[in-house]
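Printed here is model23.txt (compact mmCIF, C-alpha atoms):
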# COMPACT_ATOMS: atom_id res chain seq x y z
CA MET A 1 -26.30 -15.43 22.57
CA SER A 2 -29.56 -13.94 23.76
CA GLN A 3 -32.07 -15.94 25.76
CA ASP A 4 -34.76 -15.88 23.14
CA SER A 5 -32.61 -17.12 20.32
CA PRO A 6 -34.68 -19.59 18.37
CA LYS A 7 -34.37 -23.16 19.40
CA PRO A 8 -33.05 -25.41 16.70
CA SER A 9 -36.00 -26.71 14.82
CA ARG A 10 -37.09 -30.23 14.41
CA ARG A 11 -35.81 -32.04 11.39
CA ASP A 12 -39.19 -32.45 9.77
CA GLN A 13 -39.83 -28.77 9.75
CA ALA A 14 -36.66 -28.07 7.88
CA LEU A 15 -36.74 -30.94 5.47
CA GLY A 16 -39.58 -31.02 3.06
CA GLY A 17 -40.90 -34.12 1.43
CA GLU A 18 -38.65 -33.70 -1.52
CA ASP A 19 -35.60 -33.82 0.67
CA GLU A 20 -36.89 -36.94 2.31
CA GLN A 21 -37.00 -38.41 -1.14
CA LEU A 22 -33.43 -37.43 -1.78
CA TRP A 23 -32.57 -38.96 1.48
CA GLU A 24 -34.36 -42.14 0.87
CA ALA A 25 -32.58 -42.34 -2.45
CA VAL A 26 -29.06 -41.96 -1.09
CA ALA A 27 -29.49 -43.61 2.32
CA GLU A 28 -29.61 -47.09 0.87
CA PRO A 29 -26.12 -48.55 0.35
CA SER A 30 -26.92 -50.53 -2.78
CA ARG A 31 -28.49 -47.46 -4.34
CA ARG A 32 -25.35 -45.55 -3.61
CA ARG A 33 -23.40 -48.19 -5.47
CA VAL A 34 -25.66 -47.69 -8.46
CA LEU A 35 -25.17 -43.95 -8.19
CA ASP A 36 -21.39 -44.32 -7.83
CA LEU A 37 -21.19 -46.53 -10.86
CA ILE A 38 -23.17 -44.12 -13.02
CA LEU A 39 -20.91 -41.33 -11.85
CA ALA A 40 -17.82 -43.36 -12.66
CA HIS A 41 -19.05 -44.07 -16.19
CA GLY A 42 -20.62 -40.71 -16.89
CA GLU A 43 -23.64 -42.56 -18.20
CA ALA A 44 -24.77 -46.12 -17.93
CA THR A 45 -27.52 -48.39 -19.13
CA PRO A 46 -29.36 -50.80 -16.83
CA THR A 47 -27.67 -53.67 -18.65
CA MET A 48 -24.19 -52.27 -17.94
CA LEU A 49 -25.08 -51.68 -14.30
CA ALA A 50 -26.50 -55.14 -13.81
CA ALA A 51 -23.36 -56.63 -15.32
CA GLU A 52 -21.11 -54.83 -12.87
CA LEU A 53 -23.21 -55.11 -9.72
CA PRO A 54 -24.30 -58.16 -7.79
CA PHE A 55 -27.96 -57.23 -8.28
CA THR A 56 -30.52 -58.56 -10.69
CA ARG A 57 -31.57 -56.37 -13.58
CA GLN A 58 -34.91 -55.98 -11.85
CA ALA A 59 -33.26 -54.70 -8.69
CA VAL A 60 -31.18 -52.28 -10.73
CA ALA A 61 -34.34 -51.03 -12.43
CA LYS A 62 -35.97 -50.47 -9.04
CA HIS A 63 -32.98 -48.52 -7.74
CA LEU A 64 -32.93 -46.42 -10.90
CA ALA A 65 -36.62 -45.66 -10.49
CA VAL A 66 -36.07 -44.39 -6.92
CA LEU A 67 -33.05 -42.35 -8.00
CA ALA A 68 -34.96 -40.90 -10.93
CA ARG A 69 -37.96 -40.03 -8.75
CA ALA A 70 -35.67 -38.16 -6.41
CA GLY A 71 -34.29 -36.35 -9.43
CA LEU A 72 -30.79 -37.68 -8.84
CA VAL A 73 -30.48 -39.36 -12.22
CA GLU A 74 -32.15 -38.87 -15.54
CA GLY A 75 -32.55 -41.26 -18.39
CA GLN A 76 -32.33 -40.63 -22.10
CA ARG A 77 -33.51 -43.10 -24.64
CA HIS A 78 -30.94 -44.21 -27.20
CA GLY A 79 -32.53 -46.74 -29.50
CA ARG A 80 -33.69 -49.64 -27.39
CA GLU A 81 -31.76 -48.68 -24.28
CA ILE A 82 -32.07 -45.91 -21.75
CA ARG A 83 -28.83 -44.30 -20.69
CA TYR A 84 -28.78 -42.82 -17.21
CA SER A 85 -26.65 -39.94 -16.03
CA VAL A 86 -26.36 -38.14 -12.69
CA ARG A 87 -27.85 -34.70 -12.14
CA PRO A 88 -25.09 -33.03 -10.13
CA GLU A 89 -27.25 -30.23 -8.73
CA ARG A 90 -29.57 -32.73 -7.10
CA LEU A 91 -26.71 -34.72 -5.71
CA ASP A 92 -25.41 -31.57 -4.10
CA ALA A 93 -28.83 -30.91 -2.62
CA ALA A 94 -28.82 -34.38 -1.07
CA SER A 95 -25.54 -33.74 0.66
CA GLN A 96 -26.83 -30.36 1.79
CA ALA A 97 -29.88 -31.95 3.37
CA MET A 98 -27.59 -34.12 5.45
CA ALA A 99 -25.40 -31.14 6.20
CA HIS A 100 -28.43 -29.31 7.51
CA VAL A 101 -29.18 -32.07 10.00
CA ALA A 102 -25.55 -31.96 11.10
CA ALA A 103 -25.78 -28.19 11.49
CA GLN A 104 -28.82 -28.61 13.75
CA TRP A 105 -26.84 -30.92 16.00
CA ASP A 106 -24.05 -28.35 16.12
CA VAL A 107 -26.52 -25.76 17.34
CA ARG A 108 -27.91 -28.16 19.95
CA LEU A 109 -24.45 -29.16 21.16
CA GLN A 110 -23.56 -25.49 21.54
CA ALA A 111 -26.69 -24.99 23.65
CA ILE A 112 -25.82 -28.01 25.83
CA LYS A 113 -22.33 -26.60 26.29
CA ARG A 114 -23.65 -23.22 27.41
CA LEU A 115 -26.07 -24.79 29.90
CA ALA A 116 -23.57 -27.24 31.37
CA GLU A 117 -20.80 -24.69 31.66
CA ALA A 118 -23.11 -22.19 33.36
CA GLN A 119 -24.07 -24.88 35.90
CA ALA A 120 -20.47 -25.89 36.45
CA ARG A 121 -19.59 -22.28 37.22
CA MET A 122 -22.46 -21.96 39.70
CA THR A 123 -21.65 -25.14 41.56
CA PRO A 124 -17.91 -25.56 41.37
CA SER A 125 -16.83 -29.14 41.69
CA GLU A 126 -15.20 -30.14 44.95
CA PRO A 127 -11.62 -28.99 45.20
CA PRO A 128 -9.09 -31.68 44.47
CA PRO A 129 -7.78 -33.35 47.62
CA ASP A 130 -4.69 -31.74 49.05
CA PRO A 131 -1.52 -33.56 48.29
CA PRO A 132 -0.22 -35.30 51.37
CA MET B 1 -19.65 -39.57 -0.30
CA ILE B 2 -22.87 -38.53 1.30
CA PRO B 3 -22.71 -39.81 4.86
CA SER B 4 -25.41 -42.03 6.25
CA VAL B 5 -24.27 -41.29 9.78
CA ILE B 6 -23.95 -37.83 11.22
CA GLU B 7 -21.35 -37.44 13.90
CA ARG B 8 -20.60 -34.23 15.79
CA GLU B 9 -18.74 -33.53 18.99
CA ILE B 10 -17.94 -30.72 21.34
CA LEU B 11 -15.69 -30.18 24.35
CA ILE B 12 -17.55 -28.86 27.38
CA GLU B 13 -15.86 -27.34 30.41
CA ALA B 14 -18.08 -29.09 32.91
CA PRO B 15 -17.96 -32.44 34.69
CA VAL B 16 -19.55 -35.49 33.07
CA GLN B 17 -22.34 -35.64 35.67
CA THR B 18 -23.40 -32.08 34.88
CA VAL B 19 -23.45 -32.72 31.14
CA TRP B 20 -25.38 -35.97 31.70
CA GLY B 21 -28.05 -34.00 33.52
CA VAL B 22 -28.36 -31.44 30.73
CA VAL B 23 -28.60 -34.16 28.09
CA THR B 24 -31.09 -36.45 29.85
CA GLU B 25 -33.26 -34.50 32.30
CA PRO B 26 -36.60 -33.43 30.81
CA GLY B 27 -36.44 -30.05 32.52
CA GLN B 28 -33.13 -29.39 30.85
CA ILE B 29 -33.89 -30.96 27.50
CA SER B 30 -36.55 -28.30 27.11
CA ARG B 31 -33.78 -25.72 27.19
CA TRP B 32 -31.75 -27.00 24.29
CA PHE B 33 -33.93 -29.27 22.21
CA SER B 34 -37.73 -29.34 22.35
CA ASP B 35 -40.13 -27.01 24.13
CA ALA B 36 -41.24 -29.75 26.49
CA ALA B 37 -39.98 -33.24 27.16
CA GLU B 38 -40.92 -36.37 29.04
CA ILE B 39 -38.61 -39.34 29.26
CA ASP B 40 -38.68 -42.66 31.03
CA LEU B 41 -34.92 -42.97 31.24
CA ARG B 42 -34.34 -46.70 30.99
CA PRO B 43 -33.88 -49.08 28.07
CA GLY B 44 -37.30 -49.61 26.51
CA GLY B 45 -38.66 -46.51 28.21
CA GLU B 46 -40.66 -44.12 26.09
CA GLY B 47 -40.80 -40.39 25.95
CA THR B 48 -42.10 -37.44 24.03
CA LEU B 49 -40.60 -34.25 22.73
CA THR B 50 -43.01 -31.43 22.09
CA PHE B 51 -42.16 -28.68 19.67
CA GLU B 52 -44.11 -25.50 19.32
CA MET B 53 -44.21 -24.36 15.75
CA ARG B 54 -43.83 -20.65 16.00
CA ALA B 55 -45.06 -20.03 12.50
CA THR B 56 -48.37 -21.82 12.89
CA ASN B 57 -48.84 -21.76 16.66
CA GLU B 58 -49.30 -25.51 16.59
CA ARG B 59 -47.67 -28.14 18.69
CA ALA B 60 -45.98 -31.20 17.34
CA THR B 61 -45.18 -34.13 19.54
CA VAL B 62 -42.44 -36.51 18.56
CA ARG B 63 -42.11 -39.84 20.31
CA LEU B 64 -38.87 -41.39 21.34
CA LEU B 65 -37.83 -44.79 22.57
CA VAL B 66 -34.85 -45.12 24.90
CA GLU B 67 -32.43 -47.81 23.76
CA THR B 68 -29.51 -47.21 26.09
CA ALA B 69 -29.27 -45.27 29.33
CA GLU B 70 -25.95 -45.88 31.07
CA PRO B 71 -25.26 -42.90 33.32
CA PRO B 72 -23.21 -40.89 32.89
CA HIS B 73 -21.73 -42.10 29.63
CA THR B 74 -24.22 -43.35 27.07
CA PHE B 75 -27.73 -42.27 26.15
CA ALA B 76 -29.31 -43.56 22.96
CA PHE B 77 -32.82 -43.32 21.61
CA ARG B 78 -34.86 -43.74 18.45
CA TRP B 79 -37.14 -40.92 17.47
CA ASP B 80 -39.48 -39.53 14.92
CA TYR B 81 -41.37 -42.73 14.15
CA PRO B 82 -44.98 -42.57 12.97
CA ALA B 83 -47.78 -42.25 15.50
CA GLY B 84 -49.15 -45.62 16.49
CA ALA B 85 -46.08 -47.45 15.24
CA THR B 86 -43.37 -49.18 17.19
CA ALA B 87 -39.90 -47.74 16.74
CA HIS B 88 -37.62 -49.90 14.69
CA GLU B 89 -34.88 -49.65 12.14
CA GLY B 90 -36.44 -48.28 8.99
CA ASN B 91 -39.01 -45.93 10.51
CA SER B 92 -36.88 -43.89 12.86
CA THR B 93 -33.37 -42.60 13.34
CA ARG B 94 -31.11 -43.50 16.21
CA VAL B 95 -29.43 -40.78 18.22
CA GLU B 96 -26.60 -41.67 20.53
CA PHE B 97 -24.87 -39.38 22.98
CA THR B 98 -21.49 -40.42 24.36
CA LEU B 99 -19.90 -38.54 27.25
CA ILE B 100 -16.20 -38.96 27.88
CA ALA B 101 -14.39 -37.29 30.77
CA GLU B 102 -11.28 -35.38 29.73
CA GLY B 103 -9.73 -34.04 32.92
CA GLU B 104 -12.25 -31.58 34.33
CA SER B 105 -14.05 -31.37 31.03
CA THR B 106 -16.36 -33.59 29.03
CA ARG B 107 -16.22 -34.55 25.41
CA LEU B 108 -19.78 -34.91 24.18
CA ARG B 109 -20.29 -36.80 20.96
CA VAL B 110 -23.58 -37.26 19.16
CA THR B 111 -24.33 -39.53 16.24
CA GLU B 112 -27.55 -39.78 14.31
CA SER B 113 -27.89 -42.77 12.04
CA GLY B 114 -30.35 -44.95 10.17
CA PHE B 115 -32.21 -42.30 8.27
CA PRO B 116 -35.44 -44.00 7.36
CA LYS B 117 -36.28 -45.11 3.90
CA LEU B 118 -39.54 -43.32 3.85
CA GLU B 119 -41.95 -43.95 1.07
CA ARG B 120 -43.69 -40.64 0.80
CA PRO B 121 -46.70 -40.16 -1.40
CA GLU B 122 -46.23 -37.64 -4.16
CA GLU B 123 -48.70 -35.17 -2.69
CA GLU B 124 -46.60 -34.86 0.46
CA LYS B 125 -43.85 -33.17 -1.46
CA ALA B 126 -43.13 -29.95 0.31
CA VAL B 127 -41.52 -26.85 -0.99
CA TYR B 128 -37.98 -27.78 -1.66
CA ALA B 129 -36.99 -24.22 -2.36
CA ASP B 130 -37.78 -23.25 1.21
CA VAL B 131 -35.13 -25.59 2.49
CA HIS B 132 -32.76 -24.87 -0.28
CA GLY B 133 -33.01 -21.13 -0.04
CA LYS B 134 -31.97 -20.79 3.58
CA GLY B 135 -28.28 -20.80 2.93
CA TRP B 136 -26.25 -23.56 4.39
CA ASP B 137 -23.24 -22.76 6.49
CA ILE B 138 -21.86 -26.22 6.59
CA HIS B 139 -21.13 -28.43 3.68
CA LEU B 140 -20.06 -31.83 4.86
CA VAL B 141 -19.51 -32.92 1.34
CA SER B 142 -19.21 -30.93 -1.80
CA LEU B 143 -20.02 -32.37 -5.12
CA ARG B 144 -16.38 -32.09 -6.08
CA ASP B 145 -15.33 -34.27 -3.14
CA TYR B 146 -18.01 -36.70 -4.05
CA VAL B 147 -16.92 -37.03 -7.63
CA SER B 148 -13.16 -36.90 -7.10
CA GLY B 149 -13.30 -39.16 -4.09
CA GLN B 150 -14.21 -42.16 -6.16
CA SER B 151 -11.87 -45.01 -5.42
As structure tokens:
Amino acid sequence: MSQDSPKPSRRDQALGGEDEQLWEAVAEPSRRRVLDLILAHGEATPTMLAAELPFTRQAVAKHLAVLARAGLVEGQRHGREIRYSVRPERLDAASQAMAHVAAQWDVRLQAIKRLAEAQARMTPSEPPPDPP
Amino acid sequence: MIPSVIEREILIEAPVQTVWGVVTEPGQISRWFSDAAEIDLRPGGEGTLTFEMRATNERATVRLLVETAEPPHTFAFRWDYPAGATAHEGNSTRVEFTLIAEGESTRLRVTESGFPKLERPEEEKAVYADVHGKGWDIHLVSLRDYVSGQS
């Protein structure tokens, strides 16, 4: 690779605010449980979710609000209840945001490898002691 | 499942001491990570990573806080916390490098964990399409895995 190949960028530069939102939404374990449960059911109402999770209805509503703001779920009103379903394209984007961070580390590790191996070649380690 | 910890590793044909130097010395960090670096390499020591934004010709300085520095095997720090704040769980991520000798080589592992639960104001929303349009070479998780992996 040439010398002036671009250095891997900082995470913030690559991830816009919207990705941070996605992140925030999926980084929280209890929110992931909410998300998992909606996925498992196809759609779910807050009442259903609260019945199956060890959270209060209020907590479920908060999690749903964060997930909805990140665009991961959407709600549709059916009579008195709102049924939530997952928006798969946004879920995929969330996993891609994480994948991008992983890819940056891959680039950095490759750079570390090149530097360390070049140094090891320049200053060979001491030869192993001769067998007696 | 979308991971909350990123873990990558690589095998390097160089002794552990050499790799340790590349990973922790400011003069070397500026060759694989930021454009400039300063680090007080001891637990509780602080440092900065400076990035030059080529597009805007601006500089961005990111602070880091050393959590573990056990030469030549473990180096861990928190980074990317807001200016003026103290690094803690919830406002920064934790990066840990582990160096393991394998014969003449070194296995270097990095994990990044604890992605912050940032509450961003609406107006900070940046252009999502910019990120999305770049084309991703690595998919840790596909939607199919996510959905079919339910247990």
Hey, which bits of region 16-37 of chain B sit within 6 Å of region 43-59 of chain B, and for each residue what's the closest pair of atoms and how far apart in Å (one decimal), counting all atoms listed in the file, rows by chain and increasing number, as CSV?
residue,atom,partner,partner_atom,distance
B:Ser34,CA,B:Phe51,CA,5.2
B:Asp35,CA,B:Phe51,CA,5.2
B:Ala36,CA,B:Thr50,CA,5.0
B:Ala37,CA,B:Leu49,CA,4.6
If we draw a sphere of 8 Å around (-24.1, -34.0, 24.3), which residues have at least one atom in it when counting all atoms listed in the file? Please report them as number ranges by chain. A: 109, 112-113; B: 9-10, 19-20, 23, 97-99, 107-110
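Note that CA of Ala51 (chain A) and CA of Ser95 (chain A) are 28.0 Å apart.
The closest residue to chain A, picked from B:Ala87, B:Ala76, B:Ile29, B:Ile39 and counting all atoms listed in the file, is B:Ile29.
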Which residue out of B:Thr93, B:Thr18, B:Thr61, B:Thr68 has the minimum interatomic distance to chain A when only C-alpha atoms are used? B:Thr18
12 Å contact set for region 72-80 of chain A, only C-alpha atoms, chain neighbours under 2 positions out, as a PyMOL selection string: chain A and resi 18-19+21-26+31-32+34-39+42-47+61+63-70+82-95
Could you pull the residues within 12 Å of Trp105 (chain A), counting all atoms listed in the file, minus those fewer than 3 positions along the same chain, as a ChimeraX atom specification? /A:7-11,98-102,108-112 /B:6-10,32-33,95-97,108-112,138
For CA of Ala101 (chain B) and CA of Ala103 (chain A), the interatomic separation in Å (one decimal):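 Separation between CA of Ala101 (chain B) and CA of Ala103 (chain A): 24.2 Å.
Across the structure, CA of Ser30 (chain B) and CA of Ala118 (chain A) are spaced 16.0 Å apart.
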Taking the structure I provided as the source, export region 5-24 of chain B with N, CA, C and O atoms, as a PDB file, in the first residue's frame.
ATOM      1  N   VAL B   5     -20.088  -5.328  21.347  1.00  0.00           N
ATOM      2  CA  VAL B   5     -18.636  -5.310  21.468  1.00  0.00           C
ATOM      3  C   VAL B   5     -18.050  -5.651  20.106  1.00  0.00           C
ATOM      4  O   VAL B   5     -18.505  -6.575  19.451  1.00  0.00           O
ATOM      5  N   ILE B   6     -17.074  -4.871  19.709  1.00  0.00           N
ATOM      6  CA  ILE B   6     -16.374  -5.192  18.472  1.00  0.00           C
ATOM      7  C   ILE B   6     -15.064  -5.842  18.845  1.00  0.00           C
ATOM      8  O   ILE B   6     -14.355  -5.370  19.730  1.00  0.00           O
ATOM      9  N   GLU B   7     -14.769  -6.945  18.207  1.00  0.00           N
ATOM     10  CA  GLU B   7     -13.524  -7.647  18.516  1.00  0.00           C
ATOM     11  C   GLU B   7     -12.856  -8.053  17.214  1.00  0.00           C
ATOM     12  O   GLU B   7     -13.469  -8.675  16.364  1.00  0.00           O
ATOM     13  N   ARG B   8     -11.613  -7.628  17.032  1.00  0.00           N
ATOM     14  CA  ARG B   8     -10.866  -7.972  15.822  1.00  0.00           C
ATOM     15  C   ARG B   8      -9.491  -8.442  16.265  1.00  0.00           C
ATOM     16  O   ARG B   8      -8.993  -8.038  17.309  1.00  0.00           O
ATOM     17  N   GLU B   9      -8.858  -9.264  15.451  1.00  0.00           N
ATOM     18  CA  GLU B   9      -7.485  -9.634  15.776  1.00  0.00           C
ATOM     19  C   GLU B   9      -6.678  -9.884  14.524  1.00  0.00           C
ATOM     20  O   GLU B   9      -7.220 -10.054  13.437  1.00  0.00           O
ATOM     21  N   ILE B  10      -5.356  -9.874  14.724  1.00  0.00           N
ATOM     22  CA  ILE B  10      -4.469 -10.040  13.578  1.00  0.00           C
ATOM     23  C   ILE B  10      -3.187 -10.690  14.085  1.00  0.00           C
ATOM     24  O   ILE B  10      -2.784 -10.472  15.236  1.00  0.00           O
ATOM     25  N   LEU B  11      -2.561 -11.497  13.238  1.00  0.00           N
ATOM     26  CA  LEU B  11      -1.282 -12.114  13.598  1.00  0.00           C
ATOM     27  C   LEU B  11      -0.166 -11.317  12.938  1.00  0.00           C
ATOM     28  O   LEU B  11      -0.191 -11.077  11.731  1.00  0.00           O
ATOM     29  N   ILE B  12       0.788 -10.886  13.747  1.00  0.00           N
ATOM     30  CA  ILE B  12       1.857 -10.015  13.271  1.00  0.00           C
ATOM     31  C   ILE B  12       3.192 -10.735  13.410  1.00  0.00           C
ATOM     32  O   ILE B  12       3.516 -11.249  14.489  1.00  0.00           O
ATOM     33  N   GLU B  13       3.967 -10.738  12.340  1.00  0.00           N
ATOM     34  CA  GLU B  13       5.263 -11.419  12.404  1.00  0.00           C
ATOM     35  C   GLU B  13       6.309 -10.472  12.957  1.00  0.00           C
ATOM     36  O   GLU B  13       7.188  -9.982  12.245  1.00  0.00           O
ATOM     37  N   ALA B  14       6.174 -10.194  14.230  1.00  0.00           N
ATOM     38  CA  ALA B  14       7.122  -9.330  14.943  1.00  0.00           C
ATOM     39  C   ALA B  14       6.996  -9.654  16.423  1.00  0.00           C
ATOM     40  O   ALA B  14       5.929 -10.081  16.877  1.00  0.00           O
ATOM     41  N   PRO B  15       8.087  -9.450  17.170  1.00  0.00           N
ATOM     42  CA  PRO B  15       8.020  -9.757  18.601  1.00  0.00           C
ATOM     43  C   PRO B  15       7.058  -8.834  19.355  1.00  0.00           C
ATOM     44  O   PRO B  15       6.790  -7.716  18.913  1.00  0.00           O
ATOM     45  N   VAL B  16       6.581  -9.311  20.485  1.00  0.00           N
ATOM     46  CA  VAL B  16       5.599  -8.576  21.286  1.00  0.00           C
ATOM     47  C   VAL B  16       6.093  -7.167  21.623  1.00  0.00           C
ATOM     48  O   VAL B  16       5.345  -6.196  21.539  1.00  0.00           O
ATOM     49  N   GLN B  17       7.375  -7.044  21.988  1.00  0.00           N
ATOM     50  CA  GLN B  17       7.913  -5.727  22.363  1.00  0.00           C
ATOM     51  C   GLN B  17       7.798  -4.719  21.222  1.00  0.00           C
ATOM     52  O   GLN B  17       7.493  -3.544  21.442  1.00  0.00           O
ATOM     53  N   THR B  18       8.051  -5.195  20.004  1.00  0.00           N
ATOM     54  CA  THR B  18       7.961  -4.307  18.840  1.00  0.00           C
ATOM     55  C   THR B  18       6.526  -3.848  18.633  1.00  0.00           C
ATOM     56  O   THR B  18       6.258  -2.660  18.418  1.00  0.00           O
ATOM     57  N   VAL B  19       5.599  -4.796  18.723  1.00  0.00           N
ATOM     58  CA  VAL B  19       4.184  -4.456  18.525  1.00  0.00           C
ATOM     59  C   VAL B  19       3.715  -3.510  19.629  1.00  0.00           C
ATOM     60  O   VAL B  19       3.002  -2.542  19.378  1.00  0.00           O
ATOM     61  N   TRP B  20       4.161  -3.753  20.852  1.00  0.00           N
ATOM     62  CA  TRP B  20       3.806  -2.881  21.979  1.00  0.00           C
ATOM     63  C   TRP B  20       4.215  -1.433  21.682  1.00  0.00           C
ATOM     64  O   TRP B  20       3.469  -0.497  21.920  1.00  0.00           O
ATOM     65  N   GLY B  21       5.418  -1.284  21.148  1.00  0.00           N
ATOM     66  CA  GLY B  21       5.897   0.054  20.805  1.00  0.00           C
ATOM     67  C   GLY B  21       5.017   0.723  19.761  1.00  0.00           C
ATOM     68  O   GLY B  21       4.649   1.895  19.902  1.00  0.00           O
ATOM     69  N   VAL B  22       4.643  -0.032  18.737  1.00  0.00           N
ATOM     70  CA  VAL B  22       3.808   0.545  17.675  1.00  0.00           C
ATOM     71  C   VAL B  22       2.449   0.964  18.237  1.00  0.00           C
ATOM     72  O   VAL B  22       1.921   2.025  17.912  1.00  0.00           O
ATOM     73  N   VAL B  23       1.917   0.140  19.126  1.00  0.00           N
ATOM     74  CA  VAL B  23       0.569   0.400  19.644  1.00  0.00           C
ATOM     75  C   VAL B  23       0.550   1.549  20.650  1.00  0.00           C
ATOM     76  O   VAL B  23      -0.419   2.296  20.729  1.00  0.00           O
ATOM     77  N   THR B  24       1.633   1.736  21.414  1.00  0.00           N
ATOM     78  CA  THR B  24       1.557   2.677  22.539  1.00  0.00           C
ATOM     79  C   THR B  24       2.412   3.936  22.428  1.00  0.00           C
ATOM     80  O   THR B  24       2.186   4.885  23.180  1.00  0.00           O
TER      81      THR B  24
END
